[in-house]
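Trainee: File name model_37.txt; file contents compact mmCIF, C-alpha atoms and all ligand atoms; full text below.
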```
# COMPACT_ATOMS: atom_id res chain seq x y z
CA MET D 30 21.20 22.41 15.37
CA HIS D 31 19.53 22.18 18.76
CA ILE D 32 20.57 18.96 20.52
CA THR D 33 18.18 16.97 22.72
CA ASN D 34 19.93 14.80 25.29
CA TRP D 35 18.22 11.49 25.95
CA GLY D 36 18.44 9.15 28.90
CA ILE D 37 17.22 5.54 28.83
CA ILE D 38 16.22 3.55 31.89
CA GLY D 39 16.14 -0.23 31.54
CA THR D 40 18.34 -1.98 28.97
CA GLY D 41 16.08 -4.81 27.77
CA THR D 42 14.86 -5.77 24.30
CA ILE D 43 13.00 -2.61 23.40
CA ALA D 44 15.62 -0.24 24.82
CA HIS D 45 18.09 -1.61 22.26
CA LYS D 46 15.68 -0.97 19.40
CA PHE D 47 14.94 2.54 20.64
CA ALA D 48 18.65 3.38 21.00
CA GLN D 49 19.19 2.16 17.44
CA GLY D 50 16.26 4.31 16.28
CA LEU D 51 17.68 7.41 18.01
CA LYS D 52 20.69 7.24 15.70
CA ALA D 53 18.41 8.19 12.79
CA VAL D 54 17.03 11.32 14.51
CA PRO D 55 18.84 14.56 13.65
CA GLY D 56 19.63 16.46 16.86
CA ALA D 57 19.16 13.44 19.16
CA ARG D 58 22.04 12.49 21.44
CA LEU D 59 22.12 9.55 23.84
CA GLN D 60 23.50 11.17 26.98
CA ALA D 61 23.06 8.42 29.57
CA VAL D 62 21.77 4.91 30.18
CA ALA D 63 20.81 3.32 33.50
CA SER D 64 20.59 -0.35 34.31
CA ARG D 65 20.34 -2.27 37.57
CA SER D 66 23.33 -4.19 36.28
CA PRO D 67 26.61 -2.26 35.84
CA ASP D 68 27.79 -4.71 33.18
CA LYS D 69 24.65 -4.33 31.10
CA ALA D 70 24.81 -0.54 31.37
CA ALA D 71 28.45 -0.49 30.27
CA ALA D 72 27.81 -2.85 27.36
CA PHE D 73 24.81 -0.79 26.23
CA VAL D 74 26.78 2.45 26.32
CA ALA D 75 29.62 0.88 24.37
CA LYS D 76 27.22 -0.33 21.69
CA TYR D 77 25.29 2.93 21.26
CA THR D 78 27.95 5.46 22.21
CA ALA D 79 26.32 7.21 25.16
CA ALA D 80 28.28 9.66 27.28
CA LYS D 81 27.47 8.12 30.68
CA HIS D 82 26.08 5.03 32.33
CA TYR D 83 24.58 4.60 35.77
CA ASP D 84 23.88 1.63 38.04
CA THR D 85 20.66 3.10 39.34
CA TYR D 86 17.73 4.82 37.69
CA ALA D 87 17.82 7.49 40.44
CA ALA D 88 21.36 8.46 39.41
CA LEU D 89 20.31 8.94 35.80
CA VAL D 90 17.42 11.26 36.60
CA ALA D 91 19.81 13.34 38.76
CA ASP D 92 22.07 13.93 35.70
CA ALA D 93 21.62 17.59 34.78
CA GLY D 94 22.73 16.77 31.22
CA VAL D 95 19.64 14.64 30.51
CA ASP D 96 16.63 16.44 28.96
CA ILE D 97 14.20 13.58 28.38
CA VAL D 98 14.04 9.99 29.62
CA TYR D 99 12.78 7.00 27.65
CA ILE D 100 11.32 4.45 30.09
CA ALA D 101 11.77 0.85 28.91
CA THR D 102 10.96 -1.12 32.05
CA PRO D 103 8.15 -3.65 32.72
CA ASN D 104 4.55 -2.42 32.69
CA ASN D 105 4.09 -2.48 36.47
CA LEU D 106 7.00 -0.06 36.97
CA HIS D 107 6.02 2.60 34.43
CA LYS D 108 4.08 4.75 36.89
CA ASN D 109 6.84 4.96 39.49
CA HIS D 110 9.56 5.46 36.91
CA ALA D 111 7.58 8.21 35.16
CA LEU D 112 7.00 9.95 38.50
CA LEU D 113 10.69 9.59 39.35
CA CYS D 114 11.60 11.39 36.12
CA LEU D 115 8.98 14.11 36.54
CA ASP D 116 10.05 14.73 40.15
CA HIS D 117 13.54 15.47 38.81
CA GLY D 118 12.26 17.78 36.07
CA LYS D 119 12.87 15.32 33.22
CA HIS D 120 10.56 15.07 30.24
CA VAL D 121 9.17 11.57 29.72
CA LEU D 122 8.61 9.14 26.86
CA CYS D 123 7.23 5.98 28.49
CA GLU D 124 6.70 2.60 26.86
CA LYS D 125 3.25 1.16 26.23
CA PRO D 126 0.98 0.39 28.00
CA PHE D 127 1.58 3.78 29.59
CA THR D 128 0.68 2.41 33.04
CA LEU D 129 -1.29 -0.56 34.43
CA ASN D 130 -4.58 1.33 34.56
CA GLU D 131 -6.25 4.69 34.02
CA LYS D 132 -5.88 5.76 37.65
CA GLU D 133 -2.10 5.41 37.53
CA ALA D 134 -1.91 7.29 34.22
CA ALA D 135 -4.08 10.11 35.54
CA GLU D 136 -1.65 10.51 38.47
CA VAL D 137 1.35 10.73 36.14
CA PHE D 138 -0.27 13.16 33.70
CA GLU D 139 -1.47 15.36 36.55
CA GLN D 140 2.08 15.57 37.87
CA ALA D 141 3.37 16.39 34.37
CA ARG D 142 0.78 19.17 34.01
CA ASN D 143 1.51 20.56 37.49
CA LYS D 144 5.21 20.72 36.70
CA ASN D 145 4.71 21.82 33.08
CA ILE D 146 6.78 18.87 31.81
CA PHE D 147 6.34 16.95 28.56
CA CYS D 148 5.01 13.41 28.95
CA MET D 149 4.06 10.93 26.19
CA GLU D 150 3.20 7.24 25.80
CA ALA D 151 5.62 5.54 23.40
CA LEU D 152 2.88 4.12 21.18
CA TRP D 153 5.29 4.46 18.25
CA THR D 154 2.86 3.19 15.60
CA ARG D 155 0.89 6.45 15.76
CA CYS D 156 4.01 8.38 14.70
CA LEU D 157 4.80 6.28 11.60
CA PRO D 158 4.40 8.01 8.20
CA VAL D 159 2.36 5.09 6.83
CA VAL D 160 -0.23 5.48 9.60
CA GLU D 161 -0.34 9.26 9.17
CA LYS D 162 -0.83 8.80 5.44
CA ALA D 163 -3.79 6.47 6.05
CA LYS D 164 -5.36 9.10 8.30
CA ALA D 165 -4.85 11.82 5.68
CA ILE D 166 -6.61 9.65 3.05
CA LEU D 167 -9.58 9.06 5.36
CA GLU D 168 -9.78 12.73 6.27
CA SER D 169 -9.73 13.72 2.59
CA GLY D 170 -13.18 12.13 2.29
CA ALA D 171 -12.20 10.28 -0.91
CA LEU D 172 -13.41 6.97 0.54
CA GLY D 173 -16.60 8.33 2.10
CA VAL D 174 -17.32 7.68 5.75
CA VAL D 175 -15.86 4.80 7.75
CA LYS D 176 -18.34 2.02 8.46
CA THR D 177 -16.34 -0.83 9.99
CA PHE D 178 -12.85 -1.13 11.45
CA THR D 179 -10.97 -4.33 12.26
CA ALA D 180 -7.51 -4.72 13.80
CA SER D 181 -5.61 -7.51 15.50
CA PHE D 182 -2.31 -8.37 17.10
CA GLY D 183 -1.72 -12.02 17.90
CA LYS D 184 1.38 -14.15 17.88
CA ILE D 185 1.88 -17.63 19.34
CA ASN D 186 3.84 -17.70 22.61
CA THR D 187 4.55 -20.55 25.00
CA VAL D 188 2.87 -20.17 28.38
CA ASN D 189 5.66 -19.36 30.82
CA PRO D 190 4.98 -17.99 34.32
CA GLU D 191 8.57 -16.64 34.43
CA ASN D 192 7.93 -14.44 31.40
CA ALA D 193 6.57 -10.97 32.29
CA LEU D 194 4.00 -11.35 29.50
CA TYR D 195 2.32 -14.13 31.50
CA ASN D 196 2.89 -12.68 34.95
CA ARG D 197 0.13 -10.73 36.69
CA GLN D 198 2.61 -8.98 39.01
CA PHE D 199 4.29 -7.42 35.96
CA GLY D 200 0.98 -6.35 34.40
CA GLY D 201 1.09 -9.21 31.88
CA GLY D 202 -1.63 -10.39 29.53
CA SER D 203 -2.34 -10.11 25.82
CA LEU D 204 -4.66 -7.12 26.26
CA LEU D 205 -2.02 -4.86 27.81
CA ASP D 206 0.89 -6.20 25.79
CA ARG D 207 -0.80 -6.44 22.36
CA GLY D 208 -4.41 -5.26 22.53
CA VAL D 209 -3.08 -1.79 23.29
CA TYR D 210 -2.05 -1.47 19.61
CA PRO D 211 -5.41 -2.18 17.91
CA LEU D 212 -7.12 -0.11 20.61
CA SER D 213 -4.88 2.91 20.38
CA ILE D 214 -4.92 2.80 16.57
CA ALA D 215 -8.73 2.52 16.52
CA LEU D 216 -8.96 5.65 18.67
CA TYR D 217 -6.39 7.41 16.48
CA PHE D 218 -8.61 6.93 13.41
CA LEU D 219 -12.08 6.99 14.92
CA GLY D 220 -11.96 9.11 18.09
CA HIS D 221 -13.40 7.94 21.39
CA PRO D 222 -16.12 5.26 21.41
CA LEU D 223 -19.64 5.67 22.78
CA GLU D 224 -19.89 2.03 23.86
CA VAL D 225 -17.38 -0.66 24.82
CA SER D 226 -17.71 -4.41 25.27
CA GLY D 227 -15.12 -7.11 25.44
CA ASN D 228 -14.08 -10.47 26.73
CA LEU D 229 -10.90 -12.16 27.82
CA SER D 230 -9.89 -15.77 28.06
CA LEU D 231 -7.61 -16.30 31.04
CA CYS D 232 -4.78 -18.83 30.94
CA ALA D 233 -3.17 -20.93 33.67
CA THR D 234 -1.07 -18.04 35.01
CA GLY D 235 -4.17 -15.90 35.60
CA VAL D 236 -3.64 -13.32 32.84
CA ASP D 237 -5.50 -13.19 29.54
CA ASP D 238 -4.03 -15.02 26.59
CA GLN D 239 -6.77 -13.71 24.31
CA ALA D 240 -8.94 -10.61 24.19
CA ALA D 241 -11.81 -9.57 21.91
CA ILE D 242 -13.22 -6.04 21.92
CA VAL D 243 -16.15 -4.38 20.18
CA LEU D 244 -16.38 -0.58 20.13
CA LYS D 245 -19.27 1.54 18.87
CA PHE D 246 -18.54 5.07 17.65
CA PRO D 247 -20.77 7.97 16.66
CA GLY D 248 -22.54 7.36 13.35
CA GLY D 249 -22.81 3.64 14.04
CA VAL D 250 -19.17 2.92 13.17
CA LEU D 251 -18.15 -0.45 14.65
CA ALA D 252 -14.65 -1.67 15.49
CA THR D 253 -13.74 -5.26 16.32
CA LEU D 254 -10.30 -5.78 17.82
CA HIS D 255 -8.39 -8.89 18.91
CA SER D 256 -5.20 -9.71 20.77
CA SER D 257 -3.67 -13.11 21.41
CA PHE D 258 -0.71 -15.02 22.80
CA SER D 259 -2.29 -18.30 21.60
CA VAL D 260 -2.65 -17.87 17.85
CA ASP D 261 -1.15 -15.95 14.97
CA LEU D 262 -3.78 -13.40 13.92
CA ASP D 263 -3.59 -11.52 10.65
CA ASN D 264 -2.13 -8.49 12.47
CA THR D 265 -3.51 -5.94 10.03
CA VAL D 266 -5.71 -2.87 10.32
CA LYS D 267 -8.65 -2.82 7.86
CA ILE D 268 -10.74 0.31 7.56
CA TYR D 269 -13.91 -0.37 5.57
CA CYS D 270 -15.42 2.81 4.15
CA GLU D 271 -18.36 3.60 1.86
CA LYS D 272 -16.19 3.61 -1.25
CA GLY D 273 -13.32 1.29 -0.42
CA VAL D 274 -11.11 -0.46 2.11
CA LEU D 275 -7.84 0.90 3.42
CA ILE D 276 -5.45 -1.75 4.73
CA LEU D 277 -2.37 -1.32 6.89
CA THR D 278 -0.56 -4.61 6.32
CA ALA D 279 1.12 -6.69 9.03
CA PRO D 280 2.72 -6.27 11.45
CA ILE D 281 0.23 -3.91 13.05
CA TYR D 282 2.84 -2.24 15.26
CA ARG D 283 4.90 -1.25 12.18
CA PRO D 284 2.69 -1.67 9.13
CA GLY D 285 4.64 -2.82 6.09
CA LYS D 286 2.41 -1.25 3.43
CA LEU D 287 -0.68 0.85 2.89
CA LYS D 288 -3.13 -0.74 0.44
CA LEU D 289 -6.36 0.47 -1.06
CA HIS D 290 -9.23 -1.50 -2.61
CA THR D 291 -11.91 0.70 -4.13
CA TYR D 292 -15.50 -0.41 -4.79
CA ALA D 293 -15.96 1.59 -8.01
CA PRO D 294 -18.45 -0.48 -10.05
CA ALA D 295 -16.84 -2.19 -13.01
CA GLU D 296 -18.42 -1.36 -16.39
CA ASN D 297 -18.40 -4.80 -17.96
CA LEU D 298 -17.59 -8.42 -17.20
CA LYS D 299 -13.95 -8.15 -18.38
CA GLN D 300 -13.29 -5.17 -16.12
CA LYS D 301 -15.00 -6.95 -13.22
CA ILE D 302 -12.74 -9.98 -13.68
CA ILE D 303 -9.60 -7.82 -13.97
CA LYS D 304 -10.59 -5.91 -10.82
CA LYS D 305 -11.23 -9.15 -8.92
CA ILE D 306 -7.80 -10.49 -9.90
CA LYS D 307 -6.14 -7.20 -8.92
CA ASP D 308 -7.94 -7.19 -5.58
CA LYS D 309 -6.82 -10.75 -4.90
CA CYS D 310 -3.30 -9.53 -5.57
CA GLY D 311 -3.81 -7.04 -2.76
CA GLY D 312 -5.26 -3.89 -4.34
CA LYS D 313 -3.31 -0.75 -5.03
CA THR D 314 -0.25 -0.07 -2.87
CA ILE D 315 0.18 3.55 -1.82
CA PRO D 316 3.89 4.28 -1.51
CA VAL D 317 5.05 5.79 1.78
CA ALA D 318 8.73 6.42 2.50
CA MET D 319 10.15 5.18 5.81
CA GLN D 320 13.50 5.86 7.42
CA GLY D 321 15.26 4.23 10.34
CA ASN D 322 13.80 1.30 12.28
CA GLY D 323 10.56 3.19 13.08
CA TYR D 324 11.33 4.08 16.70
CA ASN D 325 13.02 7.22 15.37
CA TYR D 326 9.61 8.73 14.57
CA GLU D 327 8.32 8.70 18.15
CA ALA D 328 11.62 10.18 19.36
CA ALA D 329 11.42 12.87 16.67
CA GLU D 330 7.82 13.61 17.65
CA ALA D 331 8.82 14.06 21.32
CA MET D 332 11.65 16.39 20.26
CA THR D 333 9.32 18.45 18.05
CA CYS D 334 6.96 18.85 21.02
CA LEU D 335 9.85 19.92 23.29
CA ARG D 336 10.97 22.53 20.77
CA GLN D 337 7.40 23.85 20.61
CA GLY D 338 7.10 23.96 24.40
CA LEU D 339 4.25 21.41 24.45
CA ILE D 340 3.59 19.16 27.42
CA GLU D 341 1.75 16.56 25.37
CA SER D 342 1.94 15.26 21.82
CA PRO D 343 -0.97 15.97 19.47
CA LYS D 344 -0.26 12.53 17.95
CA ILE D 345 -0.58 10.67 21.27
CA PRO D 346 -2.50 13.06 23.53
CA HIS D 347 -2.93 12.26 27.22
CA LYS D 348 -6.68 11.83 26.75
CA ASP D 349 -6.10 8.97 24.30
CA SER D 350 -3.66 7.13 26.59
CA LEU D 351 -6.20 7.56 29.40
CA LYS D 352 -9.10 6.33 27.27
CA VAL D 353 -7.20 3.26 26.07
CA LEU D 354 -6.46 2.35 29.70
CA ASN D 355 -10.04 3.11 30.72
CA ILE D 356 -11.30 0.63 28.08
CA MET D 357 -8.77 -2.01 29.12
CA ASP D 358 -9.72 -1.51 32.80
CA THR D 359 -13.41 -1.97 31.96
CA ILE D 360 -12.79 -5.19 30.07
CA ARG D 361 -10.30 -6.61 32.59
CA TRP D 362 -12.43 -5.90 35.62
CA HIS D 363 -15.52 -7.32 33.91
CA ASN D 364 -13.49 -10.50 33.38
CA GLY D 365 -12.01 -10.62 36.90
CA LEU D 366 -8.43 -9.69 35.96
CA PHE D 367 -6.93 -7.31 38.53
CA TYR D 368 -3.30 -6.33 38.84
CA ALA D 369 -1.22 -6.18 42.01
CA ASP D 370 -2.53 -3.62 44.54
CA GLU D 371 -5.03 -2.34 42.00
CA ASN D 372 -7.85 -0.54 43.72
CA CYS D 373 -10.88 -0.75 41.50
CA SER D 374 -13.43 0.38 44.08
N1 LIG D 401 7.13 -0.35 21.55
C1 LIG D 401 7.41 -1.63 21.31
O1 LIG D 401 7.54 -2.04 20.16
C2 LIG D 401 7.58 -2.57 22.46
C3 LIG D 401 8.04 -3.86 22.21
C4 LIG D 401 8.28 -4.68 23.29
C5 LIG D 401 8.03 -4.23 24.58
N2 LIG D 401 7.55 -2.98 24.78
C6 LIG D 401 7.28 -2.48 26.14
O2 LIG D 401 8.55 -2.10 26.69
C7 LIG D 401 8.62 -2.45 28.07
C8 LIG D 401 9.83 -3.35 28.28
O3 LIG D 401 9.67 -4.50 27.47
P1 LIG D 401 10.94 -5.37 27.03
O4 LIG D 401 10.41 -6.38 26.07
O5 LIG D 401 12.06 -4.53 26.61
O6 LIG D 401 11.27 -6.10 28.40
P2 LIG D 401 12.68 -6.68 28.89
O7 LIG D 401 13.49 -7.13 27.75
O8 LIG D 401 12.37 -7.62 29.97
O9 LIG D 401 13.38 -5.38 29.50
C9 LIG D 401 12.86 -4.71 30.60
C10 LIG D 401 14.00 -4.04 31.33
O10 LIG D 401 13.47 -3.37 32.47
C11 LIG D 401 14.43 -3.32 33.49
N3 LIG D 401 13.84 -3.71 34.79
C12 LIG D 401 13.71 -2.92 35.89
N4 LIG D 401 13.15 -3.56 36.90
C13 LIG D 401 12.90 -4.81 36.47
C14 LIG D 401 12.35 -5.94 37.08
N5 LIG D 401 11.90 -5.94 38.34
N6 LIG D 401 12.24 -7.06 36.35
C15 LIG D 401 12.67 -7.10 35.07
N7 LIG D 401 13.21 -6.05 34.43
C16 LIG D 401 13.33 -4.90 35.12
C17 LIG D 401 15.56 -4.25 33.09
O11 LIG D 401 16.63 -3.43 32.66
P3 LIG D 401 17.98 -3.33 33.52
O12 LIG D 401 18.28 -4.72 33.99
O13 LIG D 401 18.93 -2.81 32.53
O14 LIG D 401 17.73 -2.39 34.68
C18 LIG D 401 15.02 -5.01 31.90
O15 LIG D 401 16.02 -5.33 30.97
C19 LIG D 401 7.29 -3.09 28.41
O16 LIG D 401 6.44 -2.13 28.97
C20 LIG D 401 6.71 -3.53 27.06
O17 LIG D 401 5.30 -3.51 27.01
C21 LIG D 401 7.34 -2.14 23.74
```
Here is a file; write its structure as structure tokens.
Mentor:
Amino acid sequence: MHITNWGIIGTGTIAHKFAQGLKAVPGARLQAVASRSPDKAAAFVAKYTAAKHYDTYAALVADAGVDIVYIATPNNLHKNHALLCLDHGKHVLCEKPFTLNEKEAAEVFEQARNKNIFCMEALWTRCLPVVEKAKAILESGALGVVKTFTASFGKINTVNPENALYNRQFGGGSLLDRGVYPLSIALYFLGHPLEVSGNLSLCATGVDDQAAIVLKFPGGVLATLHSSFSVDLDNTVKIYCEKGVLILTAPIYRPGKLKLHTYAPAENLKQKIIKKIKDKCGGKTIPVAMQGNGYNYEAAEAMTCLRQGLIESPKIPHKDSLKVLNIMDTIRWHNGLFYADENCS
């Protein structure tokens, strides 16, 4: 079996989950890990059995044994870390949001294209079998055309200026941290919107703790999307079609189940009552098998692309990462939220 050698830079929360996920990917090998802290790097390597650990990210990208680097650093560093990898000929899988804004992402993707190197945003949800199954059902036409789409990601946090989520310098805010999921998933199912509007509420630290977005797509399809640090939202995706509703249950980033409610007219009162009771119980569950912790699917997708000599993933194409950032830029700038040294002229 062909082996793909992975490197990881940054050893925080998500890096641990990704390293765990890699264990479930046939042909994946964790070659090296880099942390600014030698102790953290050594502990990480011991836990996930990597061959090498480095005290600097520059040392990892210089390792000839590394094929592809997973970037798990704060949002504001993604651009420079992606460029660092590309400059050393390493393929890239970079955490979401891909960069702080569309301009940064365009720079990274241009470099990847110029060097003919694979580069992908780690929007793992798009690679999950349950999400792919939902798309296949919609594309089959069985539910008729999509009319309305809703999606949300909100979870209560405590306002804390020390936390990167609330810090403008780190590219914090609910839109970039959470809104990126409903947005990217909406584009996955519906394509690119014709019109965009949205609002943010800014909290004491200057970033948004809530965002609301409305998108209009060809054919009059409307999507309403929410993100929040202030409240627990229902964190589902609901796709309302002519003949039924498809629901990806919470949590939106790793949907638990795929459910279907159909609108087929009941023939008599008894059937209507039975259908109503069934719908209250959550409709019909469509079984979808899942393996690993979910992060394995994005790693497997990157490896499939490498084997096929692709420089972008058909599941998370560059144009979608760019469009998601373009929409977030539009909404942020309209609401006066600018990130460090962001030039929006
Ligand atoms: N896909 C998902 O499900 C998911 C979930 C959560 C977060 N994320 C994304 O993953 C990225 C990392 O999030 P996280 O929750 O893992 O954050 P985290 O726990 O704070 O880890 C970030 C890591 O980045 C490294 N780093 C480099 N420069 C840093 C700096 N100046 N300040 C702080 N850390 C620095 C650190 O690793 P070393 O000390 O080892 O160098 C740190 O542990 C973010 O972009 C976030 O949006 C994705």
Trainee: Please list as a ChimeraX atom specification every residue within 8 Å of Arg58 in chain D, counting all atoms listed in the file and excluding residues in the same chain fewer than 6 positions away.
Mentor: /D:32-35,51-52,79
Trainee: Which residue out of D:Leu354, D:Ala91, D:Ile281, D:Leu216 has the minimum interatomic distance to ligand LIG 401 (chain D) when only C-alpha atoms and all ligand atoms are used?
Mentor: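 Distance minimum relative to ligand LIG 401 (chain D) lands on D:Ile281.
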Trainee: Give me the residues within 12 Å of Gly220 in chain D as a PyMOL selection string, counting all atoms listed in the file and dropping any in the same chain fewer than 4 places off.
Mentor: chain D and resi 164+175+212-216+244-248+250-252+345-346+348-349+352-353
Trainee: Print the selection's residues with C-alpha atoms to a file, as a PDB file, in the coordinates of the input.
Mentor:
```
ATOM      1  CA  LYS D 164      -5.360   9.100   8.300  1.00  0.00           C
ATOM      2  CA  VAL D 175     -15.860   4.800   7.750  1.00  0.00           C
ATOM      3  CA  LEU D 212      -7.120  -0.110  20.610  1.00  0.00           C
ATOM      4  CA  SER D 213      -4.880   2.910  20.380  1.00  0.00           C
ATOM      5  CA  ILE D 214      -4.920   2.800  16.570  1.00  0.00           C
ATOM      6  CA  ALA D 215      -8.730   2.520  16.520  1.00  0.00           C
ATOM      7  CA  LEU D 216      -8.960   5.650  18.670  1.00  0.00           C
ATOM      8  CA  LEU D 244     -16.380  -0.580  20.130  1.00  0.00           C
ATOM      9  CA  LYS D 245     -19.270   1.540  18.870  1.00  0.00           C
ATOM     10  CA  PHE D 246     -18.540   5.070  17.650  1.00  0.00           C
ATOM     11  CA  PRO D 247     -20.770   7.970  16.660  1.00  0.00           C
ATOM     12  CA  GLY D 248     -22.540   7.360  13.350  1.00  0.00           C
ATOM     13  CA  VAL D 250     -19.170   2.920  13.170  1.00  0.00           C
ATOM     14  CA  LEU D 251     -18.150  -0.450  14.650  1.00  0.00           C
ATOM     15  CA  ALA D 252     -14.650  -1.670  15.490  1.00  0.00           C
ATOM     16  CA  ILE D 345      -0.580  10.670  21.270  1.00  0.00           C
ATOM     17  CA  PRO D 346      -2.500  13.060  23.530  1.00  0.00           C
ATOM     18  CA  LYS D 348      -6.680  11.830  26.750  1.00  0.00           C
ATOM     19  CA  ASP D 349      -6.100   8.970  24.300  1.00  0.00           C
ATOM     20  CA  LYS D 352      -9.100   6.330  27.270  1.00  0.00           C
ATOM     21  CA  VAL D 353      -7.200   3.260  26.070  1.00  0.00           C
TER      22      VAL D 353
END
```
Trainee: Quick one: of D:Leu113, D:Ile268, D:Leu231, D:Ile340, who's nearest to Gly173 in chain D, counting all atoms listed in the file?
Mentor: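 The shortest atom-to-atom distance to Gly173 in chain D comes from D:Ile268.
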Trainee: Just how far from CA of Asn189 in chain D is CA of Thr234 in chain D, in Å to one decimal?
Mentor: 8.0 Å
Trainee: Work out how far apart CA of His120 in chain D and CA of Ile146 in chain D are and give it in Å to one decimal.
Mentor: 5.6 Å
Trainee: Got a sec: who's within 9 Å of Leu262 in chain D, counting all atoms listed in the file, leaving out chain neighbours fewer than 4 positions off, as a list in words?
Mentor: Ser181, Phe182, Gly183, Lys184, Ile185, His255, Ser256 and Ser257 of chain D
Trainee: Could you list, as a PyMOL selection string, all protein and nucleic acid residues with an atom at most 9 Å from ligand LIG 401 (chain D), counting only C-alpha atoms and all ligand atoms?
Mentor: chain D and resi 38-47+62-67+69-70+73+84-86+100-107+123-128+151-154+192-194+199-201+205-207+282-283+324
Trainee: Name the closest residue to Lys267 in chain D among the candidates D:Thr177, D:Gln300, D:Asn143, D:Asn322; distances are taken between atoms, counting only C-alpha atoms.
Mentor: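 With only C-alpha atoms as the atom set, the closest residue is D:Thr177.
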Trainee: Which centre and edge lengths in Å to one decimal define the box along x, y and z that fits every listed atom of range 116-131 of chain D plus 6 Å per side, as JSON?
Mentor:
```
{"center_x": 3.6, "center_y": 8.6, "center_z": 33.2, "size_x": 31.8, "size_y": 30.3, "size_z": 25.9}
```
Trainee: At what distance in Å, to one decimal, does CA of Thr333 in chain D lie from CA of Lys119 in chain D?
Mentor: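 So the answer is 15.9 Å.
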Trainee: Just checking: using all atoms listed in the file, which residue out of D:Val98, D:Ala93, D:Ala163, D:Val188 ends up closest to Phe218 in chain D?
Mentor: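 Checking each candidate against Phe218 in chain D, we get D:Ala163 as the closest.
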Trainee: Residues at most 9 Å from range 224-227 of chain D, counting all atoms listed in the file, excluding those fewer than 6 positions away in the same chain, as number ranges by chain?
Mentor: D: 240-246, 356-357, 359-361, 363-364
Trainee: Once you have the residues from the selection above, write them out as a CSV table (one decimal), in the frame of the given file, restricted to C-alpha atoms.
Mentor:
```csv
chain,number,residue,atom,x,y,z
D,240,ALA,CA,-8.9,-10.6,24.2
D,241,ALA,CA,-11.8,-9.6,21.9
D,242,ILE,CA,-13.2,-6.0,21.9
D,243,VAL,CA,-16.2,-4.4,20.2
D,244,LEU,CA,-16.4,-0.6,20.1
D,245,LYS,CA,-19.3,1.5,18.9
D,246,PHE,CA,-18.5,5.1,17.6
D,356,ILE,CA,-11.3,0.6,28.1
D,357,MET,CA,-8.8,-2.0,29.1
D,359,THR,CA,-13.4,-2.0,32.0
D,360,ILE,CA,-12.8,-5.2,30.1
D,361,ARG,CA,-10.3,-6.6,32.6
D,363,HIS,CA,-15.5,-7.3,33.9
D,364,ASN,CA,-13.5,-10.5,33.4
```
Trainee: Of the candidates D:Asn196, D:Ala279, D:Ala48, D:Gly36, which shows the shortest atom-to-atom distance to Tyr83 in chain D, using all atoms listed in the file?
Mentor: D:Gly36
Trainee: Return range 223-231 of chain D, completed with N, CA, C and O atoms, as a PDB file, keeping the file's coordinate frame.
Mentor:
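Output contents, as saved in part-v6.pdb:
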```
ATOM      1  N   LEU D 223     -18.473   5.426  21.920  1.00  0.00           N
ATOM      2  CA  LEU D 223     -19.640   5.670  22.780  1.00  0.00           C
ATOM      3  C   LEU D 223     -19.891   4.457  23.666  1.00  0.00           C
ATOM      4  O   LEU D 223     -20.370   4.585  24.786  1.00  0.00           O
ATOM      5  N   GLU D 224     -19.610   3.265  23.113  1.00  0.00           N
ATOM      6  CA  GLU D 224     -19.890   2.030  23.860  1.00  0.00           C
ATOM      7  C   GLU D 224     -18.723   1.060  23.715  1.00  0.00           C
ATOM      8  O   GLU D 224     -18.080   1.013  22.667  1.00  0.00           O
ATOM      9  N   VAL D 225     -18.513   0.280  24.781  1.00  0.00           N
ATOM     10  CA  VAL D 225     -17.380  -0.660  24.820  1.00  0.00           C
ATOM     11  C   VAL D 225     -17.872  -2.004  25.336  1.00  0.00           C
ATOM     12  O   VAL D 225     -18.598  -2.059  26.331  1.00  0.00           O
ATOM     13  N   SER D 226     -17.505  -3.089  24.662  1.00  0.00           N
ATOM     14  CA  SER D 226     -17.710  -4.410  25.270  1.00  0.00           C
ATOM     15  C   SER D 226     -16.525  -5.275  24.909  1.00  0.00           C
ATOM     16  O   SER D 226     -15.831  -5.013  23.908  1.00  0.00           O
ATOM     17  N   GLY D 227     -16.274  -6.273  25.733  1.00  0.00           N
ATOM     18  CA  GLY D 227     -15.120  -7.110  25.440  1.00  0.00           C
ATOM     19  C   GLY D 227     -15.053  -8.310  26.351  1.00  0.00           C
ATOM     20  O   GLY D 227     -15.716  -8.356  27.391  1.00  0.00           O
ATOM     21  N   ASN D 228     -14.281  -9.277  25.919  1.00  0.00           N
ATOM     22  CA  ASN D 228     -14.080 -10.470  26.730  1.00  0.00           C
ATOM     23  C   ASN D 228     -12.640 -10.925  26.673  1.00  0.00           C
ATOM     24  O   ASN D 228     -11.931 -10.660  25.695  1.00  0.00           O
ATOM     25  N   LEU D 229     -12.248 -11.606  27.740  1.00  0.00           N
ATOM     26  CA  LEU D 229     -10.900 -12.160  27.820  1.00  0.00           C
ATOM     27  C   LEU D 229     -11.005 -13.649  28.025  1.00  0.00           C
ATOM     28  O   LEU D 229     -11.965 -14.119  28.644  1.00  0.00           O
ATOM     29  N   SER D 230     -10.010 -14.401  27.551  1.00  0.00           N
ATOM     30  CA  SER D 230      -9.890 -15.770  28.060  1.00  0.00           C
ATOM     31  C   SER D 230      -8.614 -15.795  28.894  1.00  0.00           C
ATOM     32  O   SER D 230      -7.555 -15.320  28.444  1.00  0.00           O
ATOM     33  N   LEU D 231      -8.756 -16.283  30.125  1.00  0.00           N
ATOM     34  CA  LEU D 231      -7.610 -16.300  31.040  1.00  0.00           C
ATOM     35  C   LEU D 231      -6.883 -17.622  30.924  1.00  0.00           C
ATOM     36  O   LEU D 231      -7.499 -18.676  30.751  1.00  0.00           O
TER      37      LEU D 231
END
```
